[in-house]
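*Asks:* Structure below; questions to follow.
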Amino acid sequence: MRILLVEDDPLLGDGVQAGLRQAGFAADWVRDGIAARTALSTESFAALVLDLGLPRLSGLELLRGLRAAHDPIPVLILTARDTVAERILGLDAGADDYLVKPFDLDELSARLRALLRRSAGSPDPVLRVGRIELDPAAHGVRMDGQPVELSAREFALLHELMTHAGRVLSRRQLEERLYPWGEEVESNAVEVHVHHLRRKLDPRLIRTIRGVGYLLAAPGA
Ligand code: CA
């Protein structure tokens with residue numbers, strides 16, 4: 001899942017980005033509100049982690065602009081001080097959740113997983129499609145109840161396909177969701193991961209829709 005982090009403090013930004021990547025998110029990091037607005041308008045992110053005190057355009061202004069444009073992206077705000085007023089402003093401007101600095105990176109990841117669940121409309125923390133179960137928190141995959149070893153990228157790809165089961169995702173969409181900026185993407189990377197997933201799980205699990213993309217069919221489809 002691709003996450004955009006907006007934080008102007010270099011140490012904190014660096015640490016949070018590393019922590020999110022460690023937790024399996026494809027996390028990108030920008031340091032001001034204008035850069036965030038540009039990134040959001042050109043690429044698709046699953047969620048936004050937003051500091052409120054930012055140069056050029058404040059987090060609150062950015063958030064209000066997104067919601068005024070009916071952008072439904074889940075937003076978690078980071079508030080610098082433990083002031084109730086700032087949190088209320090943020091929540092009323094359209095934030096879905098907040099954390100007060102300093103915060104625990106594991107808690108941030110858990111809250112993001114909860115936000116992503118809610119935005120996908122699936123309250124169950126474990127994704128299930130047919131014989132496959134995927135647990136985003138434990139980073140585990142089972143088929144017919146048996147654990148299956150996947151690489152981090154295979155796991156991320158399966159996670160995307162299961163989240164959007166029954167819908168076709170293009171190669172470009174998958175690349176965008178799996179690879180943060182600055183990471184080299186081989187032209188056939190997605191194809192190779194799909195091949196491995198088919199081999200490790202079920203050859204018929206992921207369908208190739210020629211010229212369009214890939215589909216993980218919902219059971220019975
Ligand atoms: Ca700040």
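Numbering starts fresh at 1 for the residues of each chain in the structure tokens, the chains themselves are lettered A, B, ... in the order given, and ligands are numbered from 1 as they appear.
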Which residues sit within 12 Å of ligand 1, counting only C-alpha atoms and all ligand atoms, listed as a PyMOL selection string?
*Replies:* chain A and resi 5-13+30-33+50-60+77-81+101
*Asks:* Would you mind listing what lies within 12 Å of Glu107 (chain A) as number ranges by chain, with only C-alpha atoms counted and same-chain residues fewer than 2 positions away left out?
*Replies:* A: 16, 19-20, 23, 76, 97-105, 109-114, 137
*Asks:* Compile the contact shell of Lys200 (chain A) as a PyMOL selection string: residues with an atom at most 9 Å away, counting only C-alpha atoms, same-chain residues fewer than 2 positions apart removed.
*Replies:* chain A and resi 148-150+195-198+202-203
*Asks:* Could you write out, as a PyMOL selection string, all the residues of region 32-120 of chain A that DSSP marks as strand (DSSP E or B)?
*Replies:* chain A and resi 47-51+75-79+97-100
*Asks:* Per residue of region 140-187 of chain A within 8 Å of region 204-220 of chain A, what are the shortest atom pair and its distance in Å to one decimal, counting only C-alpha atoms, with rows by chain and residue number, as a Markdown table?
*Replies:*
| residue | atom | partner | partner_atom | distance |
| --- | --- | --- | --- | --- |
| A:Leu161 | CA | A:Leu216 | CA | 5.8 |
| A:Met162 | CA | A:Leu216 | CA | 6.6 |
| A:His164 | CA | A:Leu216 | CA | 7.8 |
| A:Ala165 | CA | A:Leu216 | CA | 5.1 |
| A:Gly166 | CA | A:Ala217 | CA | 4.7 |
| A:Arg167 | CA | A:Leu215 | CA | 5.9 |
| A:Val168 | CA | A:Leu215 | CA | 4.6 |
| A:Leu169 | CA | A:Gly213 | CA | 5.4 |
| A:Ser170 | CA | A:Gly213 | CA | 4.0 |
| A:Arg171 | CA | A:Gly213 | CA | 5.6 |
*Asks:* Using only all heavy atoms, please write the residues we just selected to a file, as an mmCIF file, in the first residue's frame.
*Replies:*
data_model
loop_
_atom_site.group_PDB
_atom_site.id
_atom_site.type_symbol
_atom_site.label_atom_id
_atom_site.label_comp_id
_atom_site.auth_asym_id
_atom_site.auth_seq_id
_atom_site.Cartn_x
_atom_site.Cartn_y
_atom_site.Cartn_z
ATOM 1 N N LEU A 161 -4.016 -7.023 -4.779
ATOM 2 C CA LEU A 161 -4.982 -7.772 -5.588
ATOM 3 C C LEU A 161 -6.147 -8.273 -4.734
ATOM 4 O O LEU A 161 -7.296 -8.252 -5.173
ATOM 5 C CB LEU A 161 -4.284 -8.942 -6.284
ATOM 6 C CG LEU A 161 -3.333 -8.551 -7.423
ATOM 7 C CD1 LEU A 161 -2.454 -9.741 -7.821
ATOM 8 C CD2 LEU A 161 -4.109 -8.056 -8.640
ATOM 9 N N MET A 162 -5.853 -8.694 -3.499
ATOM 10 C CA MET A 162 -6.932 -9.184 -2.630
ATOM 11 C C MET A 162 -7.825 -8.043 -2.169
ATOM 12 O O MET A 162 -9.035 -8.195 -2.047
ATOM 13 C CB MET A 162 -6.346 -9.940 -1.429
ATOM 14 C CG MET A 162 -5.802 -11.302 -1.816
ATOM 15 S SD MET A 162 -5.114 -12.231 -0.424
ATOM 16 C CE MET A 162 -6.608 -12.787 0.427
ATOM 17 N N HIS A 164 -8.575 -5.532 -3.847
ATOM 18 C CA HIS A 164 -9.425 -5.151 -4.979
ATOM 19 C C HIS A 164 -9.920 -6.380 -5.740
ATOM 20 O O HIS A 164 -10.053 -6.343 -6.957
ATOM 21 C CB HIS A 164 -8.660 -4.210 -5.925
ATOM 22 C CG HIS A 164 -8.158 -2.978 -5.241
ATOM 23 N ND1 HIS A 164 -6.892 -2.872 -4.738
ATOM 24 C CD2 HIS A 164 -8.792 -1.823 -4.933
ATOM 25 C CE1 HIS A 164 -6.745 -1.680 -4.158
ATOM 26 N NE2 HIS A 164 -7.880 -1.032 -4.264
ATOM 27 N N ALA A 165 -10.155 -7.467 -5.016
ATOM 28 C CA ALA A 165 -10.577 -8.720 -5.662
ATOM 29 C C ALA A 165 -11.805 -8.474 -6.537
ATOM 30 O O ALA A 165 -12.726 -7.765 -6.150
ATOM 31 C CB ALA A 165 -10.889 -9.781 -4.616
ATOM 32 N N GLY A 166 -11.770 -9.062 -7.735
ATOM 33 C CA GLY A 166 -12.901 -8.908 -8.646
ATOM 34 C C GLY A 166 -12.752 -7.702 -9.568
ATOM 35 O O GLY A 166 -13.587 -7.487 -10.429
ATOM 36 N N ARG A 167 -11.679 -6.920 -9.336
ATOM 37 C CA ARG A 167 -11.447 -5.761 -10.206
ATOM 38 C C ARG A 167 -10.098 -5.885 -10.895
ATOM 39 O O ARG A 167 -9.144 -6.387 -10.314
ATOM 40 C CB ARG A 167 -11.487 -4.464 -9.393
ATOM 41 C CG ARG A 167 -12.918 -3.975 -9.161
ATOM 42 C CD ARG A 167 -12.986 -2.957 -8.074
ATOM 43 N NE ARG A 167 -12.018 -1.880 -8.206
ATOM 44 C CZ ARG A 167 -11.734 -1.036 -7.215
ATOM 45 N NH1 ARG A 167 -12.303 -1.150 -6.044
ATOM 46 N NH2 ARG A 167 -10.875 -0.064 -7.411
ATOM 47 N N VAL A 168 -10.046 -5.413 -12.122
ATOM 48 C CA VAL A 168 -8.791 -5.490 -12.869
ATOM 49 C C VAL A 168 -7.893 -4.317 -12.480
ATOM 50 O O VAL A 168 -8.340 -3.176 -12.443
ATOM 51 C CB VAL A 168 -9.048 -5.454 -14.393
ATOM 52 C CG1 VAL A 168 -7.740 -5.565 -15.153
ATOM 53 C CG2 VAL A 168 -9.987 -6.569 -14.797
ATOM 54 N N LEU A 169 -6.635 -4.625 -12.168
ATOM 55 C CA LEU A 169 -5.650 -3.574 -11.893
ATOM 56 C C LEU A 169 -4.612 -3.614 -13.005
ATOM 57 O O LEU A 169 -4.099 -4.686 -13.338
ATOM 58 C CB LEU A 169 -4.973 -3.802 -10.545
ATOM 59 C CG LEU A 169 -5.878 -3.690 -9.309
ATOM 60 C CD1 LEU A 169 -5.119 -4.099 -8.056
ATOM 61 C CD2 LEU A 169 -6.411 -2.278 -9.153
ATOM 62 N N SER A 170 -4.309 -2.449 -13.569
ATOM 63 C CA SER A 170 -3.324 -2.416 -14.646
ATOM 64 C C SER A 170 -1.916 -2.565 -14.072
ATOM 65 O O SER A 170 -1.689 -2.344 -12.886
ATOM 66 C CB SER A 170 -3.432 -1.110 -15.426
ATOM 67 O OG SER A 170 -2.936 -0.041 -14.648
ATOM 68 N N ARG A 171 -0.982 -2.940 -14.953
ATOM 69 C CA ARG A 171 0.407 -3.073 -14.514
ATOM 70 C C ARG A 171 0.913 -1.749 -13.946
ATOM 71 O O ARG A 171 1.589 -1.710 -12.927
ATOM 72 C CB ARG A 171 1.268 -3.524 -15.695
ATOM 73 C CG ARG A 171 2.597 -4.079 -15.257
ATOM 74 C CD ARG A 171 3.421 -4.493 -16.429
ATOM 75 N NE ARG A 171 4.010 -3.329 -17.072
ATOM 76 C CZ ARG A 171 4.755 -3.379 -18.170
ATOM 77 N NH1 ARG A 171 4.982 -4.536 -18.741
ATOM 78 N NH2 ARG A 171 5.249 -2.275 -18.689
#
